[in-house]
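**Q** Below is the file structure-v1.cif, with mmCIF, C-alpha atoms.
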```
data_structure
loop_
_atom_site.label_atom_id
_atom_site.label_comp_id
_atom_site.auth_asym_id
_atom_site.auth_seq_id
_atom_site.Cartn_x
_atom_site.Cartn_y
_atom_site.Cartn_z
CA MET M 1 -17.36 9.81 -2.37
CA THR M 2 -17.28 13.39 -3.50
CA ASN M 3 -13.94 14.51 -2.09
CA PRO M 4 -11.40 14.18 -4.94
CA LEU M 5 -8.43 13.71 -2.62
CA LEU M 6 -10.03 10.83 -0.74
CA ARG M 7 -11.23 9.30 -3.98
CA ARG M 8 -7.69 9.39 -5.43
CA THR M 9 -6.26 7.91 -2.24
CA PHE M 10 -8.79 5.10 -2.34
CA LEU M 11 -8.03 4.35 -5.99
CA ALA M 12 -4.29 4.38 -5.30
CA LEU M 13 -4.82 1.86 -2.52
CA LEU M 14 -6.77 -0.40 -4.85
CA LEU M 15 -4.08 -0.16 -7.53
CA ALA M 16 -1.34 -0.91 -5.01
CA LEU M 17 -3.18 -4.01 -3.83
CA ALA M 18 -3.73 -5.18 -7.39
CA ALA M 19 -0.15 -4.52 -8.45
CA ALA M 20 1.62 -6.09 -5.45
CA PRO M 21 1.96 -9.61 -6.89
CA VAL M 22 3.11 -8.24 -10.25
CA LEU M 23 5.87 -6.18 -8.65
CA ALA M 24 7.67 -9.20 -7.24
CA GLU M 25 10.91 -9.14 -9.15
CA GLU M 26 12.23 -12.26 -10.77
CA PRO M 27 16.01 -12.03 -11.13
CA ALA M 28 17.60 -14.01 -13.95
CA LYS M 29 20.60 -14.71 -11.77
CA VAL M 30 21.16 -15.11 -8.03
CA THR M 31 24.24 -15.58 -5.90
CA VAL M 32 24.26 -18.17 -3.17
CA GLU M 33 26.88 -18.49 -0.46
CA VAL M 34 27.68 -21.98 0.74
CA ASN M 35 29.54 -22.26 4.03
CA VAL M 36 30.79 -25.56 5.36
CA VAL M 37 31.11 -25.75 9.13
CA GLU M 38 32.56 -28.64 11.11
CA ALA M 39 30.87 -29.08 14.47
CA SER M 40 32.06 -30.99 17.49
CA LYS M 41 30.40 -31.92 20.76
CA LYS M 42 33.67 -31.38 22.56
CA ASP M 43 34.41 -28.07 24.18
CA GLY M 44 36.30 -25.78 21.89
CA PRO M 45 36.31 -22.42 20.19
CA VAL M 46 33.57 -21.09 17.99
CA ASP M 47 34.91 -19.70 14.75
CA PRO M 48 33.93 -16.00 14.66
CA ARG M 49 32.97 -16.40 11.00
CA VAL M 50 30.27 -18.82 12.12
CA LYS M 51 28.72 -16.41 14.60
CA ARG M 52 26.12 -15.21 12.13
CA PHE M 53 24.64 -18.71 12.02
CA GLN M 54 24.76 -19.11 15.77
CA ASP M 55 21.01 -18.78 16.16
CA GLN M 56 20.51 -21.77 13.92
CA LEU M 57 23.29 -23.82 15.50
CA ASP M 58 22.44 -23.18 19.13
CA ASP M 59 19.59 -25.65 19.10
CA PHE M 60 21.97 -28.57 18.77
CA ALA M 61 24.27 -30.25 21.24
CA TYR M 62 27.45 -29.11 19.52
CA LYS M 63 29.87 -26.88 21.34
CA SER M 64 32.60 -25.90 18.92
CA PHE M 65 32.33 -24.81 15.34
CA LYS M 66 34.96 -24.25 12.71
CA LEU M 67 34.45 -22.81 9.25
CA VAL M 68 35.98 -25.25 6.81
CA SER M 69 35.18 -23.50 3.56
CA GLU M 70 33.04 -20.82 2.05
CA GLU M 71 32.09 -20.55 -1.56
CA LYS M 72 29.87 -18.29 -3.60
CA VAL M 73 28.03 -19.75 -6.53
CA SER M 74 26.25 -17.74 -9.17
CA LEU M 75 23.16 -19.40 -10.53
CA GLN M 76 21.11 -18.70 -13.62
CA LYS M 77 17.42 -19.45 -13.37
CA GLY M 78 17.04 -23.14 -14.05
CA GLY M 79 20.74 -23.72 -13.52
CA LYS M 80 22.65 -25.58 -10.81
CA GLN M 81 26.15 -25.87 -9.44
CA SER M 82 27.93 -28.34 -7.22
CA VAL M 83 30.03 -27.72 -4.15
CA GLY M 84 32.31 -30.40 -2.72
CA LEU M 85 31.96 -31.31 0.96
CA PRO M 86 34.73 -32.58 3.26
CA ASN M 87 32.96 -35.93 3.68
CA GLY M 88 33.40 -36.68 0.01
CA LYS M 89 29.80 -35.88 -0.84
CA THR M 90 28.66 -33.14 -3.17
CA LEU M 91 26.08 -30.47 -2.48
CA THR M 92 24.19 -29.41 -5.59
CA VAL M 93 22.44 -26.03 -5.51
CA GLY M 94 19.86 -25.20 -8.16
CA TYR M 95 17.87 -22.00 -8.77
CA THR M 96 14.35 -23.15 -9.56
CA LYS M 97 12.10 -20.10 -9.59
CA VAL M 98 10.85 -17.05 -7.70
CA ASP M 99 7.85 -17.51 -5.47
CA LYS M 100 4.89 -15.15 -5.49
CA ASP M 101 6.16 -13.50 -2.34
CA GLY M 102 9.48 -12.68 -4.03
CA ARG M 103 11.53 -15.32 -2.27
CA VAL M 104 13.86 -17.45 -4.33
CA ARG M 105 13.19 -21.16 -4.59
CA LEU M 106 16.32 -23.31 -4.44
CA ARG M 107 16.79 -27.03 -4.72
CA LEU M 108 19.53 -28.40 -2.51
CA ALA M 109 20.71 -31.96 -2.82
CA ILE M 110 23.48 -33.97 -1.22
CA ASP M 111 24.05 -37.05 -3.28
CA GLY M 112 22.94 -40.16 -1.50
CA VAL M 113 21.64 -38.22 1.50
CA VAL M 114 18.83 -35.80 0.81
CA SER M 115 17.08 -33.67 -1.77
CA THR M 116 15.16 -30.61 -0.60
CA SER M 117 13.39 -27.54 -1.89
CA VAL M 118 13.59 -24.29 0.06
CA SER M 119 12.44 -20.69 -0.34
CA LEU M 120 14.86 -18.02 0.76
CA ALA M 121 14.39 -14.31 1.20
CA ARG M 122 17.31 -12.02 0.34
CA GLY M 123 19.86 -12.58 3.08
CA GLY M 124 17.97 -15.61 4.35
CA SER M 125 19.65 -18.91 4.96
CA VAL M 126 18.87 -22.54 5.50
CA VAL M 127 21.25 -24.93 7.17
CA LEU M 128 21.77 -28.50 6.14
CA GLY M 129 23.10 -30.11 9.28
CA GLY M 130 24.23 -33.50 10.39
CA PRO M 131 26.13 -35.17 7.56
CA ALA M 132 28.84 -37.06 9.35
CA LEU M 133 32.51 -36.86 8.55
CA PRO M 134 34.25 -40.11 7.62
CA HIS M 135 36.28 -40.22 10.82
CA GLY M 136 35.37 -39.25 14.35
CA GLU M 137 32.11 -37.95 15.71
CA ASN M 138 32.13 -34.52 14.17
CA VAL M 139 29.41 -33.53 11.76
CA LEU M 140 28.96 -30.89 9.11
CA PHE M 141 26.60 -27.96 9.10
CA VAL M 142 26.18 -26.35 5.71
CA PRO M 143 24.51 -22.92 5.82
CA VAL M 144 23.24 -21.90 2.39
CA THR M 145 22.56 -18.18 2.17
CA LEU M 146 20.92 -16.18 -0.59
CA GLU M 147 22.89 -12.98 -1.05
CA LYS M 148 21.12 -9.68 -0.58
CA MET B 149 -49.59 82.59 -5.30
CA ASP B 150 -51.82 83.23 -8.30
CA ALA B 151 -53.96 80.56 -9.95
CA ARG B 152 -51.57 80.13 -12.87
CA THR B 153 -48.57 79.51 -10.66
CA GLU B 154 -50.58 77.06 -8.55
CA LEU B 155 -51.61 75.15 -11.73
CA ARG B 156 -48.01 74.92 -12.89
CA MET B 157 -46.96 73.45 -9.53
CA LEU B 158 -49.82 70.97 -9.69
CA LEU B 159 -48.83 70.09 -13.26
CA SER B 160 -45.57 68.51 -12.14
CA ALA B 161 -47.38 66.44 -9.53
CA TYR B 162 -50.02 65.50 -12.11
CA ARG B 163 -47.35 64.31 -14.48
CA ASP B 164 -45.88 62.10 -11.79
CA GLY B 165 -49.34 60.59 -11.11
CA GLU B 166 -49.50 61.98 -7.62
CA LEU B 167 -52.84 63.85 -7.89
CA GLN B 168 -56.24 62.45 -7.12
CA GLY B 169 -59.81 63.60 -6.89
CA ALA B 170 -60.57 67.31 -7.16
CA GLN B 171 -57.00 68.41 -7.76
CA LYS B 172 -56.58 65.94 -10.59
CA ALA B 173 -59.88 67.04 -12.15
CA LYS B 174 -58.86 70.65 -11.78
CA VAL B 175 -55.58 70.14 -13.65
CA GLU B 176 -57.24 68.10 -16.37
CA ALA B 177 -59.87 70.82 -16.88
CA ALA B 178 -57.13 73.46 -17.13
CA LEU B 179 -55.13 71.38 -19.61
CA ALA B 180 -58.21 70.96 -21.76
CA ALA B 181 -58.78 74.69 -21.81
CA ASP B 182 -55.19 76.00 -21.95
CA ALA B 183 -52.90 75.16 -24.89
CA SER B 184 -49.88 76.77 -23.20
CA LEU B 185 -50.38 74.55 -20.19
CA ARG B 186 -50.47 71.48 -22.45
CA ALA B 187 -47.26 72.69 -24.08
CA GLU B 188 -45.66 73.04 -20.66
CA LEU B 189 -46.71 69.44 -19.77
CA ALA B 190 -45.17 68.27 -23.01
CA ASP B 191 -41.94 70.04 -22.05
CA TRP B 192 -42.00 68.31 -18.69
CA ASN B 193 -42.44 64.93 -20.38
CA ALA B 194 -39.65 65.61 -22.84
CA LEU B 195 -37.31 66.69 -20.07
CA ALA B 196 -38.09 63.60 -18.01
CA GLY B 197 -37.52 61.33 -21.03
CA GLY B 198 -34.16 62.93 -21.68
CA VAL B 199 -33.03 62.47 -18.09
CA ASN B 200 -34.05 58.79 -18.11
CA ALA B 201 -32.22 58.19 -21.37
CA THR B 202 -29.08 59.84 -20.01
CA LEU B 203 -29.15 57.75 -16.82
CA ALA B 204 -29.70 54.55 -18.83
CA GLN B 205 -26.75 55.37 -21.05
CA ALA B 206 -24.57 56.07 -18.03
CA GLY B 207 -25.62 52.69 -16.58
CA ASP B 208 -24.70 50.93 -19.80
CA GLU B 209 -21.28 52.48 -19.81
CA LEU B 210 -20.53 51.41 -16.25
CA ASP B 211 -17.88 48.63 -16.13
CA GLU B 212 -19.57 46.30 -13.69
CA GLN B 213 -16.72 43.78 -13.57
CA ALA B 214 -14.15 46.42 -12.72
CA PHE B 215 -16.51 47.92 -10.19
CA LEU B 216 -17.08 44.55 -8.52
CA ALA B 217 -13.37 43.80 -8.58
CA ALA B 218 -12.61 47.11 -6.92
CA VAL B 219 -15.19 46.47 -4.21
CA LYS B 220 -13.90 42.94 -3.71
CA ALA B 221 -10.34 44.19 -3.41
CA ARG B 222 -11.33 46.42 -0.57
CA LEU B 223 -13.03 43.64 1.37
CA PRO B 224 -10.93 41.90 4.08
CA LYS B 225 -9.66 38.55 2.81
CA ALA B 226 -10.86 35.45 4.68
CA PRO B 227 -8.18 32.73 5.15
CA ALA B 228 -8.60 29.60 2.99
CA PRO B 229 -9.97 26.66 5.00
CA SER B 230 -7.45 24.00 5.91
CA PHE B 231 -7.63 20.42 4.67
CA THR B 232 -8.99 19.22 7.99
CA GLU B 233 -11.67 21.90 7.97
CA ARG B 234 -12.69 20.93 4.43
CA LEU B 235 -12.62 17.28 5.45
CA ALA B 236 -14.82 18.04 8.44
CA VAL B 237 -17.31 19.89 6.25
CA TRP B 238 -17.31 17.07 3.70
CA TRP B 239 -17.79 14.52 6.46
CA SER B 240 -20.69 16.38 8.08
CA GLU B 241 -22.36 16.81 4.69
CA MET B 242 -21.92 13.13 3.89
CA VAL B 243 -23.35 12.12 7.26
CA GLU B 244 -26.31 14.48 6.96
CA PHE B 245 -27.20 14.25 3.30
CA ARG B 246 -25.67 11.01 1.96
CA PRO B 247 -25.56 8.52 4.82
CA VAL B 248 -26.37 5.57 2.56
CA ALA B 249 -23.53 6.38 0.18
CA LEU B 250 -21.17 6.78 3.12
CA ALA B 251 -22.16 3.42 4.60
CA SER B 252 -21.82 1.78 1.18
CA GLY B 253 -18.34 3.27 0.79
CA PHE B 254 -17.22 1.88 4.14
CA ALA B 255 -18.69 -1.50 3.32
CA ALA B 256 -16.88 -1.58 -0.03
CA ALA B 257 -13.60 -0.53 1.60
CA ALA B 258 -13.97 -3.26 4.21
CA VAL B 259 -14.56 -5.84 1.48
CA VAL B 260 -11.51 -4.63 -0.46
CA VAL B 261 -9.23 -4.60 2.59
CA PHE B 262 -10.44 -7.94 3.88
CA GLY B 263 -10.39 -9.57 0.44
CA GLY B 264 -6.99 -8.10 -0.37
CA SER B 265 -5.54 -9.33 2.90
CA LEU B 266 -6.96 -12.76 2.26
CA LEU B 267 -5.52 -12.88 -1.25
CA VAL B 268 -2.10 -11.66 -0.11
CA SER B 269 -1.97 -14.15 2.76
CA GLN B 270 -2.97 -16.96 0.43
CA SER B 271 -0.36 -15.97 -2.15
CA LEU B 272 2.35 -15.90 0.53
CA ALA B 273 1.48 -19.29 1.96
CA PRO B 274 3.77 -22.10 0.85
CA ALA B 275 2.50 -24.61 -1.62
CA PRO B 276 1.95 -28.08 -0.27
CA ALA B 277 4.84 -30.46 -0.74
CA PRO B 278 4.31 -32.23 -4.05
CA GLY B 279 4.16 -35.97 -3.71
CA GLY B 280 5.98 -38.17 -1.26
CA ALA B 281 6.97 -35.94 1.60
CA PRO B 282 4.21 -35.18 4.06
CA LEU B 283 3.75 -31.60 5.23
CA VAL B 284 4.19 -31.47 8.97
CA ALA B 285 3.31 -28.49 11.08
CA GLU B 286 6.20 -27.33 13.15
CA LYS B 287 6.10 -25.96 16.65
CA LEU B 288 6.33 -22.19 16.69
CA PRO B 289 7.73 -19.91 17.85
CA ALA B 290 9.86 -21.66 20.47
CA PRO B 291 13.07 -23.13 19.07
CA ALA B 292 13.49 -26.85 19.24
CA PRO B 293 15.58 -27.90 22.22
CA ALA B 294 17.00 -30.95 20.47
CA PRO B 295 16.48 -32.83 17.24
CA GLN B 296 13.34 -34.92 17.37
CA PRO B 297 12.74 -37.18 14.38
CA LEU B 298 9.26 -36.86 13.06
CA GLY B 299 9.34 -40.30 11.58
CA GLY B 300 9.47 -41.66 8.09
CA GLY B 301 12.53 -39.67 7.26
CA ALA B 302 10.81 -36.75 5.52
CA THR B 303 9.43 -33.56 6.91
CA ALA B 304 8.68 -30.06 5.81
CA VAL B 305 7.66 -26.92 7.60
CA ALA B 306 4.32 -25.21 7.82
CA SER B 307 4.20 -21.54 7.05
CA ARG B 308 4.81 -18.48 9.14
CA THR B 309 5.18 -15.67 6.66
CA PRO B 310 7.08 -13.66 5.81
CA LYS B 311 10.29 -15.20 7.01
CA ALA B 312 13.86 -15.67 5.90
CA SER B 313 13.49 -19.26 4.84
CA THR B 314 10.89 -21.93 4.35
CA VAL B 315 11.57 -25.57 3.73
CA ARG B 316 9.13 -26.65 1.05
CA GLU B 317 10.04 -30.25 0.60
CA VAL B 318 12.50 -32.77 2.00
CA LYS B 319 13.25 -36.10 0.40
CA PRO B 320 15.83 -38.00 2.42
CA HIS B 321 17.36 -41.13 1.02
CA ALA B 322 16.41 -44.47 2.46
CA ASP B 323 19.05 -44.61 5.17
CA THR B 324 18.64 -41.04 6.36
CA ASP B 325 16.22 -39.31 8.70
CA ALA B 326 15.53 -35.65 8.15
CA VAL B 327 14.16 -33.27 10.76
CA VAL B 328 13.31 -29.67 10.09
CA PHE B 329 13.70 -26.98 12.72
CA GLU B 330 12.78 -23.38 12.54
CA ASN B 331 14.03 -20.85 15.01
CA GLN B 332 12.29 -17.72 16.24
CA ALA B 333 13.91 -15.63 13.54
CA GLY B 334 12.27 -17.77 10.88
CA ALA B 335 15.51 -19.44 9.79
CA SER B 336 15.44 -23.14 9.07
CA VAL B 337 17.71 -26.06 9.78
CA ILE B 338 17.36 -29.44 8.11
CA PHE B 339 19.09 -31.89 10.38
CA LEU B 340 20.10 -35.16 8.79
CA ARG B 341 21.26 -38.32 10.48
CA PRO B 342 21.44 -41.97 9.66
CA THR B 343 18.29 -43.96 10.19
CA ARG B 344 18.33 -45.90 13.45
CA LYS B 345 18.14 -49.57 12.76
#
```
What does this structure look like when you write it as structure tokens?
**A**
Amino acid sequence: MTNPLLRRTFLALLLALAAAPVLAEEPAKVTVEVNVVEASKKDGPVDPRVKRFQDQLDDFAYKSFKLVSEEKVSLQKGGKQSVGLPNGKTLTVGYTKVDKDGRVRLRLAIDGVVSTSVSLARGGSVVLGGPALPHGENVLFVPVTLEK
Amino acid sequence: MDARTELRMLLSAYRDGELQGAQKAKVEAALAADASLRAELADWNALAGGVNATLAQAGDELDEQAFLAAVKARLPKAPAPSFTERLAVWWSEMVEFRPVALASGFAAAAVVVFGGSLLVSQSLAPAPAPGGAPLVAEKLPAPAPAPQPLGGGATAVASRTPKASTVREVKPHADTDAVVFENQAGASVIFLRPTRK
């Protein structure tokens, strides 16, 4: 390859490919937003603050949604924090690590119910749904969102 | 024209090597017999040497670089070839003179691109769920119409990268079923409900 411009372009491409995994940033601290939504199968209003999770909630047979609480937790790498739920349970959110693709690995656990590990992109969310409330047929949906 | 004048005219031609045969022999015979004629030939030679030396000196003193620059400045300037023109020339030369090198370059580039893509896709794929929870491929891309337990209480989601969220592992407690859904936007829902007795 005698053309210097093409040769430099080719080398730059090689360097970019080699450097891509290294460039994935690993923040020491992340902020996670925990929303608690009460869902009912009865007809009713949908809280406008829940609209952004509508895509994830539409798959279920619940018709009305109400935002019960929202909380932001700041997590150091390796650290965890707990958020109280209306059913008396506690959601624990832990910042485990950063994956090779740059997404943040979180451990979410509701005591006595479930423990899970998820990878979230910036602005991405996962919803823990279904924990029942102590009275009635309503259930909780808990969207956990990694802040951008 | 008398004989002397004719000899003097022939002398110049003789000096320049232009005479042959009888004329040359005639001049040589005259030179042998006439000292004044030999002196005149010597004058001719001296004069010619002086002229040559003068011309050589004038040539040495000529500033060739300045002369060339002046000539070049008067020539019409051709526009510089564009990048595409240079690329086309390079390409035609490569095809004509270095086809093997060109083919090798393309082969190497293909290996790099293919290998790089493979490495990147592998690095983006989720790690298998460690222990316990089985990794269950999820239906994509259509969203799930309703929760469907996948049995055993634990599920996780296969990869479709990059996406907003990926459930790596789910460990429900004994009395809970967990079902993982992923919508078309790549967002995940872990739906939990009590185990049916």
**Q** Evaluate the PyMOL selection byres ((chain M and resi 64) around 12) against this structure - the residues, as a list in words, please.
**A**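 With the shown file as input, the PyMOL selection byres ((chain M and resi 64) around 12) matches Val37, Glu38, Ala39, Ser40, Lys41, Lys42, Asp43, Gly44, Pro45, Val46, Asp47, Pro48, Val50, Lys51, Gln54, Leu57, Asp58, Phe60, Ala61, Tyr62, Lys63, Phe65, Lys66, Leu67, Asn138, Val139, Leu140 and Phe141 of chain M.
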**Q** Please build the interface table for chain M against chain B with a cut-off of 8 Å, listing for each qualifying residue the nearest atom pair and the distance in Å to one decimal; count only C-alpha atoms, order rows by chain and increasing number, and write it as CSV.
**A**
```
residue,atom,partner,partner_atom,distance
M:Met1,CA,B:Gly253,CA,7.3
M:Asn3,CA,B:Trp238,CA,7.2
M:Leu14,CA,B:Val260,CA,7.7
M:Leu17,CA,B:Gly264,CA,6.6
M:Asp55,CA,B:Asn331,CA,7.4
M:Gln56,CA,B:Val337,CA,6.6
M:Asp59,CA,B:Pro293,CA,5.6
M:Phe60,CA,B:Ala294,CA,5.8
M:Ala61,CA,B:Ala294,CA,7.3
M:Lys100,CA,B:Ser271,CA,6.3
M:Asp101,CA,B:Leu272,CA,5.3
M:Gly112,CA,B:His321,CA,6.2
M:Val113,CA,B:His321,CA,5.2
M:Val114,CA,B:Pro320,CA,4.1
M:Ser115,CA,B:Lys319,CA,5.0
M:Thr116,CA,B:Val318,CA,4.3
M:Ser117,CA,B:Glu317,CA,5.0
M:Val118,CA,B:Val315,CA,4.4
M:Ser119,CA,B:Thr314,CA,5.1
M:Leu120,CA,B:Ser313,CA,4.5
M:Ala121,CA,B:Ala312,CA,4.9
M:Arg122,CA,B:Ala312,CA,7.5
M:Gly123,CA,B:Ala312,CA,7.3
M:Gly124,CA,B:Ala312,CA,4.4
M:Ser125,CA,B:Ser313,CA,6.2
M:Val126,CA,B:Ser336,CA,5.0
M:Val127,CA,B:Val337,CA,4.5
M:Leu128,CA,B:Ile338,CA,4.9
M:Gly129,CA,B:Phe339,CA,4.5
M:Gly130,CA,B:Leu340,CA,4.7
M:Pro131,CA,B:Leu340,CA,6.2
M:Ala132,CA,B:Arg341,CA,7.8
```
**Q** Please indicate the distance in Å from CA of Thr202 in chain B to CA of Ala218 in chain B, rounded to one decimal place.
**A** 24.6 Å
**Q** So the first atom is CA of Lys174 in chain B and the second is CA of Met157 in chain B; what is the distance between them in Å, to one decimal place?
**A**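 Separation of CA of Lys174 in chain B and CA of Met157 in chain B: 12.4 Å.
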**Q** What does the structure give for the distance between CA of Asp111 in chain M and CA of Asp99 in chain M, in Å to one decimal?
**A**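 That distance, rounded to one decimal, is 25.5 Å.
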**Q** Using all atoms listed in the file, pick whichever of M:Lys77, M:His135, M:Arg49, M:Lys72 has the shortest atom-to-atom distance to Val104 in chain M.
**A** M:Lys77
